[in-house]
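Worksheet: the structure to be examined is printed underneath.
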Amino acid sequence: MGKAMVDALAAASALVAGVSASVMVWRSWRRMRGWGRVMRILEELEEGFATPVERLRQIVDAMAIEMHAGLVSEGGSKLKMLVTYVHDLPTGDEKGIFYALDLGGTNFRVVRVVLDSRRSAISGHDVHRQPIPQNLMSSTSEELFDFIALSLKSFVERVENVSDPSQLERRDLGFTFSFPVKQTSSSSGNLIRWTKGFSVSDMVGKNVSEVLQQAINRKGLNMRVAVLVNDTVGTLALSNYHDEDTVAAVIFGTGTNACYLEQTEAVIKCQSLRKNSGRTAVNIEWGNFWSSHLPRTSYDAGLDSDTPNPNEQCFEKMISGMYLGDIVRRVILKMSQESDFFGHSSSKLHVPFILRTPLMAAMHGDDSPDLTAVAAILDDVFEIPDAPPHVRKLVVKVCDSVTRRAARLAAAGVVGILKKVGRDGSSSSSSLGNSSCRRRRAEGDGGRRRTVVAVEGGLYKNYGGFRECLTETIDEILGENYSRRVVIKQMEDGSGIGAALLAAAAAAST
């Protein structure tokens, strides 16, 4: 090979090396620039989701004010403040066998509870779970409730060990019905609309307790529908049965809601209440709470527009299990669009609600050295393989920001209830115009008594990061001295056992 050829090859090699080096430098610069954009997105997320205690106290005040407005007049607040007409909570003196039917979705449960008149002592209980056939979810009300009543009858025959349950002593039943209902008494209410996939059109507008009672009668059961409640009221009843200092109950699950005990004289919009009954349970329906102090971002607006009920349930969409995973997905999607740090952008990132909150919780709680659970979930859900360690850490930070905002806002909601009933340690509840709050403070209720808030739901039970942040934030808002008097008590199966206890209380009062 001639010298000229060697020189040419050397020059070409040098050129290629130079080009390769330039490409590598350019790619490195591009990655750095893209990573900088990603970090700015994270910073903007943390700033937009910020919940300093001053802001949380403004949300507390707004919640208490909206609660008061909702008690004064129908439509006076975003909060529906539904009167349940439940005055008589179980005292612990109840004795006998009581049933509950819990219909809250595509499954229903039947519960049998045995009471022996000792507070906090439930002698035993049995539970039967039954899926509802798909065809019955869009059939007729008679077919649907006949199926439920037949399952109830079979359960009674088994647990009571009888072949003809019509010969049994009459049993009282609590009916937990977790669909929108206009309550007309503690044992009756008319269905407003179906949700959760049901479309039994001839049922809308009917008294759901009456329809169930007719089906029970057709099946020859000697049973009376004694109370009609939702899951929050059942949880309140169960907690109060064990601890009479219970003042409220909150559900943190797929959705979220709360109820509490209010002085009947404060429920101005409902003149038919027994004013001499002292207290009544009020279903807040707090998922629809809104305040300008809530830290709403573009991610929340995008999620809201992709739901069947845009501009509704804004509070729920920030704090409940149905939505948290999708907020995380939206943040990751934006990051992937700003940088190639995920490699080729996955089409799965564009699918709403593909990341369920339990998987988000698993990523958030991954304590392995190399975050193997995070890598596996990114691969399984989004088809993003081999995410490098620094990307996995970033995803955990996103999960943490979303969870912290949710838990801290949820805590503000809880303290808002306590403020409304004069149990938050402040002296400003009188500004709500509630004379009963002023009287309780004069009696010293808020200053010395324990205050118990019952909590139930899969989000609270199974997501340790959410649960711990919630309780820590309640302490932060209330202050160390007063927070010692507030007890957050986790409950199990309040919607079932609690409804049976309310049936027992109703039986005792008749």
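Going by the structure tokens order, chains are called A, B, ..., each with residues numbered from 1, while ligands are numbered from 1 in the order shown.
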>> Just want the 9 Å neighbourhood of Asp146 in chain A, counted on only C-alpha atoms, with same-chain residues fewer than 2 positions away dropped. Output as a PyMOL selection string.
In response: chain A and resi 141-144+148-151+212+214-216+218-219
Could you turn the residues from that selection into a file that holds C-alpha atoms, as a PDB file, in the first residue's frame?
ATOM      1  CA  SER A 141     -85.640  -4.029  39.874  1.00  0.00           C
ATOM      2  CA  GLU A 142     -87.737  -7.086  40.716  1.00  0.00           C
ATOM      3  CA  GLU A 143     -85.244  -9.495  39.123  1.00  0.00           C
ATOM      4  CA  LEU A 144     -82.254  -7.804  40.767  1.00  0.00           C
ATOM      5  CA  ILE A 148     -80.403 -10.597  46.369  1.00  0.00           C
ATOM      6  CA  ALA A 149     -83.267 -11.723  48.605  1.00  0.00           C
ATOM      7  CA  LEU A 150     -82.824 -15.345  47.509  1.00  0.00           C
ATOM      8  CA  SER A 151     -79.127 -15.190  48.414  1.00  0.00           C
ATOM      9  CA  LEU A 212     -85.843  -4.758  49.024  1.00  0.00           C
ATOM     10  CA  GLN A 214     -91.003  -6.535  48.946  1.00  0.00           C
ATOM     11  CA  ALA A 215     -88.409  -8.979  47.619  1.00  0.00           C
ATOM     12  CA  ILE A 216     -87.725 -10.266  51.141  1.00  0.00           C
ATOM     13  CA  ARG A 218     -91.755 -12.683  48.362  1.00  0.00           C
ATOM     14  CA  LYS A 219     -89.040 -15.087  49.499  1.00  0.00           C
TER      15      LYS A 219
END
Could you pull out the strand (DSSP E or B) residues of range 65-261 of chain A, going by DSSP on the backbone, and write them as a PDB file with C-alpha atoms, in the first residue's frame?
ATOM      1  CA  LEU A  82     -77.157  14.948  53.425  1.00  0.00           C
ATOM      2  CA  VAL A  83     -79.252  14.344  56.524  1.00  0.00           C
ATOM      3  CA  LYS A  95     -78.864  -7.923  72.426  1.00  0.00           C
ATOM      4  CA  GLY A  96     -79.905 -10.399  69.773  1.00  0.00           C
ATOM      5  CA  ILE A  97     -79.209 -11.462  66.201  1.00  0.00           C
ATOM      6  CA  PHE A  98     -79.132  -8.814  63.463  1.00  0.00           C
ATOM      7  CA  TYR A  99     -78.349  -8.804  59.754  1.00  0.00           C
ATOM      8  CA  ALA A 100     -76.884  -6.373  57.251  1.00  0.00           C
ATOM      9  CA  LEU A 101     -76.945  -6.287  53.480  1.00  0.00           C
ATOM     10  CA  ASP A 102     -74.157  -4.286  51.848  1.00  0.00           C
ATOM     11  CA  LEU A 103     -74.698  -3.402  48.189  1.00  0.00           C
ATOM     12  CA  ASN A 107     -70.694  -7.624  44.577  1.00  0.00           C
ATOM     13  CA  PHE A 108     -72.842  -7.605  47.667  1.00  0.00           C
ATOM     14  CA  ARG A 109     -72.351  -9.000  51.157  1.00  0.00           C
ATOM     15  CA  VAL A 110     -74.656 -10.386  53.797  1.00  0.00           C
ATOM     16  CA  VAL A 111     -73.560 -10.114  57.422  1.00  0.00           C
ATOM     17  CA  ARG A 112     -74.996 -11.715  60.566  1.00  0.00           C
ATOM     18  CA  VAL A 113     -74.026 -10.238  63.938  1.00  0.00           C
ATOM     19  CA  VAL A 114     -74.722 -11.656  67.391  1.00  0.00           C
ATOM     20  CA  LEU A 115     -74.837  -9.148  70.275  1.00  0.00           C
ATOM     21  CA  ASP A 116     -74.913  -9.978  73.977  1.00  0.00           C
ATOM     22  CA  ILE A 122     -69.713  -8.726  69.446  1.00  0.00           C
ATOM     23  CA  SER A 123     -70.187 -12.412  70.192  1.00  0.00           C
ATOM     24  CA  GLY A 124     -69.714 -13.423  66.594  1.00  0.00           C
ATOM     25  CA  HIS A 125     -70.456 -12.593  63.009  1.00  0.00           C
ATOM     26  CA  ASP A 126     -70.707 -14.388  59.684  1.00  0.00           C
ATOM     27  CA  VAL A 127     -70.179 -12.953  56.219  1.00  0.00           C
ATOM     28  CA  HIS A 128     -71.312 -14.131  52.792  1.00  0.00           C
ATOM     29  CA  ARG A 129     -70.052 -12.483  49.593  1.00  0.00           C
ATOM     30  CA  GLN A 130     -71.907 -12.853  46.319  1.00  0.00           C
ATOM     31  CA  PRO A 131     -71.201 -11.416  42.852  1.00  0.00           C
ATOM     32  CA  ARG A 171     -84.874 -10.324  62.370  1.00  0.00           C
ATOM     33  CA  ASP A 172     -83.971  -6.677  61.750  1.00  0.00           C
ATOM     34  CA  LEU A 173     -81.680  -5.806  58.848  1.00  0.00           C
ATOM     35  CA  GLY A 174     -79.479  -2.812  58.117  1.00  0.00           C
ATOM     36  CA  PHE A 175     -79.202  -1.973  54.411  1.00  0.00           C
ATOM     37  CA  THR A 176     -75.982  -0.331  53.229  1.00  0.00           C
ATOM     38  CA  PHE A 177     -76.668   1.062  49.770  1.00  0.00           C
ATOM     39  CA  VAL A 181     -80.023   8.345  47.377  1.00  0.00           C
ATOM     40  CA  LYS A 182     -82.335  11.079  48.607  1.00  0.00           C
ATOM     41  CA  GLN A 183     -82.934   9.979  52.176  1.00  0.00           C
ATOM     42  CA  THR A 184     -86.470  10.470  53.485  1.00  0.00           C
ATOM     43  CA  SER A 185     -86.060   8.763  56.871  1.00  0.00           C
ATOM     44  CA  SER A 188     -85.989   4.853  53.498  1.00  0.00           C
ATOM     45  CA  GLY A 189     -84.674   6.786  50.533  1.00  0.00           C
ATOM     46  CA  ASN A 190     -85.240   7.155  46.799  1.00  0.00           C
ATOM     47  CA  LEU A 191     -82.587   6.243  44.237  1.00  0.00           C
ATOM     48  CA  ASN A 207     -87.702   3.776  47.589  1.00  0.00           C
ATOM     49  CA  MET A 223     -87.153  -9.845  58.248  1.00  0.00           C
ATOM     50  CA  ARG A 224     -87.569  -6.063  58.444  1.00  0.00           C
ATOM     51  CA  VAL A 225     -85.393  -3.434  56.710  1.00  0.00           C
ATOM     52  CA  ALA A 226     -84.735  -1.305  59.791  1.00  0.00           C
ATOM     53  CA  VAL A 227     -82.184   1.250  58.510  1.00  0.00           C
ATOM     54  CA  LEU A 228     -80.835   2.519  55.199  1.00  0.00           C
ATOM     55  CA  VAL A 229     -77.287   3.944  55.345  1.00  0.00           C
ATOM     56  CA  THR A 246     -66.268   8.901  68.044  1.00  0.00           C
ATOM     57  CA  VAL A 247     -67.453  12.032  66.259  1.00  0.00           C
ATOM     58  CA  ALA A 248     -66.737  11.308  62.575  1.00  0.00           C
ATOM     59  CA  ALA A 249     -65.938   8.593  60.041  1.00  0.00           C
ATOM     60  CA  VAL A 250     -63.982   8.886  56.806  1.00  0.00           C
ATOM     61  CA  ILE A 251     -63.525   6.502  53.884  1.00  0.00           C
ATOM     62  CA  PHE A 252     -60.256   6.577  51.943  1.00  0.00           C
ATOM     63  CA  THR A 256     -63.632   9.088  49.499  1.00  0.00           C
ATOM     64  CA  ASN A 257     -66.380  10.453  51.713  1.00  0.00           C
ATOM     65  CA  ALA A 258     -67.021  11.437  55.306  1.00  0.00           C
ATOM     66  CA  CYS A 259     -69.835  11.757  57.817  1.00  0.00           C
ATOM     67  CA  TYR A 260     -70.016  13.122  61.333  1.00  0.00           C
ATOM     68  CA  LEU A 261     -72.357  13.725  64.272  1.00  0.00           C
TER      69      LEU A 261
END
Dump as a Markdown table the rows for residues of range 55-114 of chain A within 12 Å of range 403-409 of chain A: closest atom pair and distance in Å with one decimal, only C-alpha atoms counted, ordered by chain and rising residue number.
| residue | atom | partner | partner_atom | distance |
| --- | --- | --- | --- | --- |
| A:Arg55 | CA | A:Leu409 | CA | 9.7 |
| A:Leu56 | CA | A:Leu409 | CA | 7.0 |
| A:Arg57 | CA | A:Leu409 | CA | 10.1 |
| A:Gln58 | CA | A:Leu409 | CA | 11.0 |
| A:Ile59 | CA | A:Leu409 | CA | 8.0 |
| A:Val60 | CA | A:Leu409 | CA | 9.2 |
| A:Met63 | CA | A:Leu409 | CA | 11.0 |
Go ahead and save the picked residues with all heavy atoms, as a CSV table (one decimal), in the first residue's frame.
chain,number,residue,atom,x,y,z
A,55,ARG,N,-51.4,27.1,54.2
A,55,ARG,CA,-52.4,26.8,53.2
A,55,ARG,C,-53.4,25.7,53.7
A,55,ARG,O,-54.6,25.9,53.4
A,55,ARG,CB,-51.8,26.3,51.9
A,55,ARG,CG,-52.7,25.7,50.9
A,55,ARG,CD,-52.0,25.3,49.6
A,55,ARG,NE,-52.1,26.3,48.6
A,55,ARG,CZ,-51.6,26.3,47.4
A,55,ARG,NH1,-50.9,25.2,47.0
A,55,ARG,NH2,-51.8,27.3,46.5
A,56,LEU,N,-52.9,24.7,54.4
A,56,LEU,CA,-53.8,23.7,54.9
A,56,LEU,C,-54.8,24.3,55.9
A,56,LEU,O,-56.0,23.9,55.9
A,56,LEU,CB,-53.0,22.6,55.6
A,56,LEU,CG,-52.1,21.8,54.6
A,56,LEU,CD1,-51.3,20.7,55.4
A,56,LEU,CD2,-52.9,21.1,53.6
A,57,ARG,N,-54.4,25.2,56.7
A,57,ARG,CA,-55.3,25.8,57.6
A,57,ARG,C,-56.4,26.7,56.9
A,57,ARG,O,-57.5,26.8,57.4
A,57,ARG,CB,-54.6,26.7,58.6
A,57,ARG,CG,-53.8,25.8,59.6
A,57,ARG,CD,-53.1,26.6,60.7
A,57,ARG,NE,-52.5,25.7,61.7
A,57,ARG,CZ,-51.3,25.8,62.1
A,57,ARG,NH1,-50.5,26.8,61.7
A,57,ARG,NH2,-50.8,24.9,63.0
A,58,GLN,N,-56.0,27.3,55.8
A,58,GLN,CA,-57.1,27.9,55.0
A,58,GLN,C,-58.1,26.9,54.4
A,58,GLN,O,-59.3,27.2,54.3
A,58,GLN,CB,-56.4,28.7,53.8
A,58,GLN,CG,-55.5,29.9,54.2
A,58,GLN,CD,-54.7,30.5,53.1
A,58,GLN,OE1,-54.2,29.8,52.3
A,58,GLN,NE2,-54.7,31.8,53.1
A,59,ILE,N,-57.6,25.8,54.0
A,59,ILE,CA,-58.5,24.7,53.5
A,59,ILE,C,-59.4,24.2,54.7
A,59,ILE,O,-60.6,24.0,54.5
A,59,ILE,CB,-57.7,23.6,52.9
A,59,ILE,CG1,-57.0,24.1,51.6
A,59,ILE,CG2,-58.6,22.4,52.6
A,59,ILE,CD1,-56.0,23.1,51.1
A,60,VAL,N,-58.8,24.1,55.8
A,60,VAL,CA,-59.6,23.7,57.0
A,60,VAL,C,-60.8,24.7,57.2
A,60,VAL,O,-61.9,24.3,57.4
A,60,VAL,CB,-58.7,23.7,58.3
A,60,VAL,CG1,-59.6,23.6,59.5
A,60,VAL,CG2,-57.8,22.5,58.2
A,63,MET,N,-63.4,24.3,54.5
A,63,MET,CA,-64.2,23.1,54.7
A,63,MET,C,-65.3,23.4,55.7
A,63,MET,O,-66.5,23.1,55.5
A,63,MET,CB,-63.4,22.0,55.1
A,63,MET,CG,-64.1,20.7,55.4
A,63,MET,SD,-64.9,19.9,54.0
A,63,MET,CE,-63.4,19.1,53.2
> Which residues in range 23-120 of chain A does DSSP call helix (DSSP H, G or I)? List them as a ChimeraX atom specification.
Replying inline: /A:23-48,53-72
>> If I take CA of Asp366 in chain A and CA of Arg392 in chain A, how far is one from the other in Å, to one decimal?
In response: 10.1 Å
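For the pair CA of Thr235 in chain A and CA of Arg484 in chain A, the interatomic distance is 22.5 Å.
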>> Ranking A:Glu157, A:Asp424, A:Glu54, A:Glu47 by minimum distance to Arg485 in chain A and counting only C-alpha atoms, which one comes first?
In response: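 Using only C-alpha atoms, the shortest distance to Arg485 in chain A belongs to A:Asp424.
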Gly479 in chain A: which residues within 12 Å, counting only C-alpha atoms, same-chain residues fewer than 6 positions away excluded, as an mmCIF file with N, CA, C and O atoms, in the first residue's frame?
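Everything below was put into part33.cif:
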data_model
loop_
_atom_site.group_PDB
_atom_site.id
_atom_site.type_symbol
_atom_site.label_atom_id
_atom_site.label_comp_id
_atom_site.auth_asym_id
_atom_site.auth_seq_id
_atom_site.Cartn_x
_atom_site.Cartn_y
_atom_site.Cartn_z
ATOM 1 N N VAL A 53 -48.384 24.428 55.884
ATOM 2 C CA VAL A 53 -49.429 24.354 56.907
ATOM 3 C C VAL A 53 -50.349 25.569 56.862
ATOM 4 O O VAL A 53 -51.545 25.477 57.183
ATOM 5 N N ARG A 57 -54.412 25.230 56.673
ATOM 6 C CA ARG A 57 -55.349 25.841 57.631
ATOM 7 C C ARG A 57 -56.399 26.676 56.899
ATOM 8 O O ARG A 57 -57.542 26.790 57.362
ATOM 9 N N VAL A 415 -59.511 17.730 59.688
ATOM 10 C CA VAL A 415 -59.468 18.812 60.680
ATOM 11 C C VAL A 415 -60.604 19.807 60.428
ATOM 12 O O VAL A 415 -61.128 20.413 61.370
ATOM 13 N N ASP A 424 -61.245 21.185 67.344
ATOM 14 C CA ASP A 424 -59.929 21.394 66.737
ATOM 15 C C ASP A 424 -59.000 22.201 67.631
ATOM 16 O O ASP A 424 -57.864 22.498 67.245
ATOM 17 N N GLY A 425 -59.478 22.558 68.829
ATOM 18 C CA GLY A 425 -58.635 23.304 69.755
ATOM 19 C C GLY A 425 -58.573 24.790 69.509
ATOM 20 O O GLY A 425 -57.888 25.516 70.225
ATOM 21 N N SER A 426 -59.290 25.279 68.477
ATOM 22 C CA SER A 426 -59.271 26.714 68.190
ATOM 23 C C SER A 426 -60.417 27.396 68.914
ATOM 24 O O SER A 426 -61.296 26.771 69.479
ATOM 25 N N GLU A 472 -49.488 12.345 60.445
ATOM 26 C CA GLU A 472 -48.490 13.361 60.782
ATOM 27 C C GLU A 472 -48.997 14.767 60.469
ATOM 28 O O GLU A 472 -48.735 15.719 61.227
ATOM 29 N N THR A 473 -49.735 14.901 59.374
ATOM 30 C CA THR A 473 -50.227 16.223 58.979
ATOM 31 C C THR A 473 -51.339 16.700 59.898
ATOM 32 O O THR A 473 -51.430 17.896 60.212
ATOM 33 N N ARG A 485 -55.161 14.733 71.871
ATOM 34 C CA ARG A 485 -56.541 14.377 72.214
ATOM 35 C C ARG A 485 -57.300 13.752 71.050
ATOM 36 O O ARG A 485 -58.421 13.271 71.216
ATOM 37 N N VAL A 486 -56.711 13.801 69.848
ATOM 38 C CA VAL A 486 -57.389 13.291 68.649
ATOM 39 C C VAL A 486 -56.827 11.912 68.303
ATOM 40 O O VAL A 486 -55.619 11.735 68.147
#
Quick one: residues within 10 Å of Glu44 in chain A, only C-alpha atoms, excluding same-chain residues fewer than 6 positions away - as a PDB file with N, CA, C and O atoms, in the first residue's frame?
ATOM      1  N   VAL A  38     -36.396  17.730  32.592  1.00  0.00           N
ATOM      2  CA  VAL A  38     -37.119  16.809  33.467  1.00  0.00           C
ATOM      3  C   VAL A  38     -37.062  17.287  34.912  1.00  0.00           C
ATOM      4  O   VAL A  38     -38.067  17.266  35.630  1.00  0.00           O
ATOM      5  N   ALA A  50     -47.449  22.049  46.453  1.00  0.00           N
ATOM      6  CA  ALA A  50     -47.027  22.466  47.792  1.00  0.00           C
ATOM      7  C   ALA A  50     -48.224  22.658  48.718  1.00  0.00           C
ATOM      8  O   ALA A  50     -49.226  23.263  48.334  1.00  0.00           O
ATOM      9  N   THR A 297     -53.462  21.709  39.615  1.00  0.00           N
ATOM     10  CA  THR A 297     -52.464  21.906  38.571  1.00  0.00           C
ATOM     11  C   THR A 297     -53.017  21.470  37.214  1.00  0.00           C
ATOM     12  O   THR A 297     -54.134  20.976  37.111  1.00  0.00           O
TER      13      THR A 297
END
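Non-sequential neighbours of Glu43 in chain A (distance at most 12 Å, separation of 5 or more positions within a chain, only C-alpha atoms) are Gly36, Arg37, Val38, Gly48, Phe49, Ala50, Val331, Met335, Leu394, Lys397, Val398 and Ser401 of chain A.
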>> So that I can check the surroundings of Ala375 in chain A, please list as a list of chain:residue names every protein, DNA and RNA residue that reaches within 10 Å of it, counting only C-alpha atoms and ignoring chain neighbours fewer than 6 positions away.
In response: A:Met363, A:Ile384, A:Pro385, A:Asp386, A:Ala387, A:Pro388, A:Pro389, A:Val391, A:Arg392, A:Val395
Keeping only N, CA and C atoms, write the selected residues to a file as a PDB file, in the first residue's frame.
ATOM      1  N   MET A 363     -44.371   1.094  44.027  1.00  0.00           N
ATOM      2  CA  MET A 363     -43.174   1.829  43.602  1.00  0.00           C
ATOM      3  C   MET A 363     -42.714   2.784  44.696  1.00  0.00           C
ATOM      4  N   ILE A 384     -41.704  -0.047  29.463  1.00  0.00           N
ATOM      5  CA  ILE A 384     -40.447   0.700  29.495  1.00  0.00           C
ATOM      6  C   ILE A 384     -39.416  -0.207  30.161  1.00  0.00           C
ATOM      7  N   PRO A 385     -38.619  -0.929  29.386  1.00  0.00           N
ATOM      8  CA  PRO A 385     -37.670  -1.870  29.969  1.00  0.00           C
ATOM      9  C   PRO A 385     -36.367  -1.194  30.397  1.00  0.00           C
ATOM     10  N   ASP A 386     -35.731  -1.804  31.369  1.00  0.00           N
ATOM     11  CA  ASP A 386     -34.365  -1.415  31.759  1.00  0.00           C
ATOM     12  C   ASP A 386     -34.222   0.064  32.085  1.00  0.00           C
ATOM     13  N   ALA A 387     -35.166   0.604  32.814  1.00  0.00           N
ATOM     14  CA  ALA A 387     -35.030   2.009  33.231  1.00  0.00           C
ATOM     15  C   ALA A 387     -33.817   2.130  34.140  1.00  0.00           C
ATOM     16  N   PRO A 388     -32.909   3.065  33.875  1.00  0.00           N
ATOM     17  CA  PRO A 388     -31.698   3.195  34.694  1.00  0.00           C
ATOM     18  C   PRO A 388     -32.030   3.648  36.118  1.00  0.00           C
ATOM     19  N   PRO A 389     -31.114   3.438  37.058  1.00  0.00           N
ATOM     20  CA  PRO A 389     -31.384   3.753  38.474  1.00  0.00           C
ATOM     21  C   PRO A 389     -31.822   5.185  38.723  1.00  0.00           C
ATOM     22  N   VAL A 391     -33.474   7.135  36.826  1.00  0.00           N
ATOM     23  CA  VAL A 391     -34.853   7.301  36.369  1.00  0.00           C
ATOM     24  C   VAL A 391     -35.817   6.680  37.385  1.00  0.00           C
ATOM     25  N   ARG A 392     -35.443   5.524  37.912  1.00  0.00           N
ATOM     26  CA  ARG A 392     -36.286   4.877  38.920  1.00  0.00           C
ATOM     27  C   ARG A 392     -36.441   5.772  40.153  1.00  0.00           C
ATOM     28  N   VAL A 395     -38.938   8.494  39.454  1.00  0.00           N
ATOM     29  CA  VAL A 395     -40.322   8.031  39.514  1.00  0.00           C
ATOM     30  C   VAL A 395     -40.796   7.949  40.963  1.00  0.00           C
TER      31      VAL A 395
END
>> For Asp61 in chain A, find every residue with an atom within 9 Å (counting only C-alpha atoms), except residues of its own chain fewer than 6 positions away, and show them as a ChimeraX atom specification.
In response: /A:416,419-420
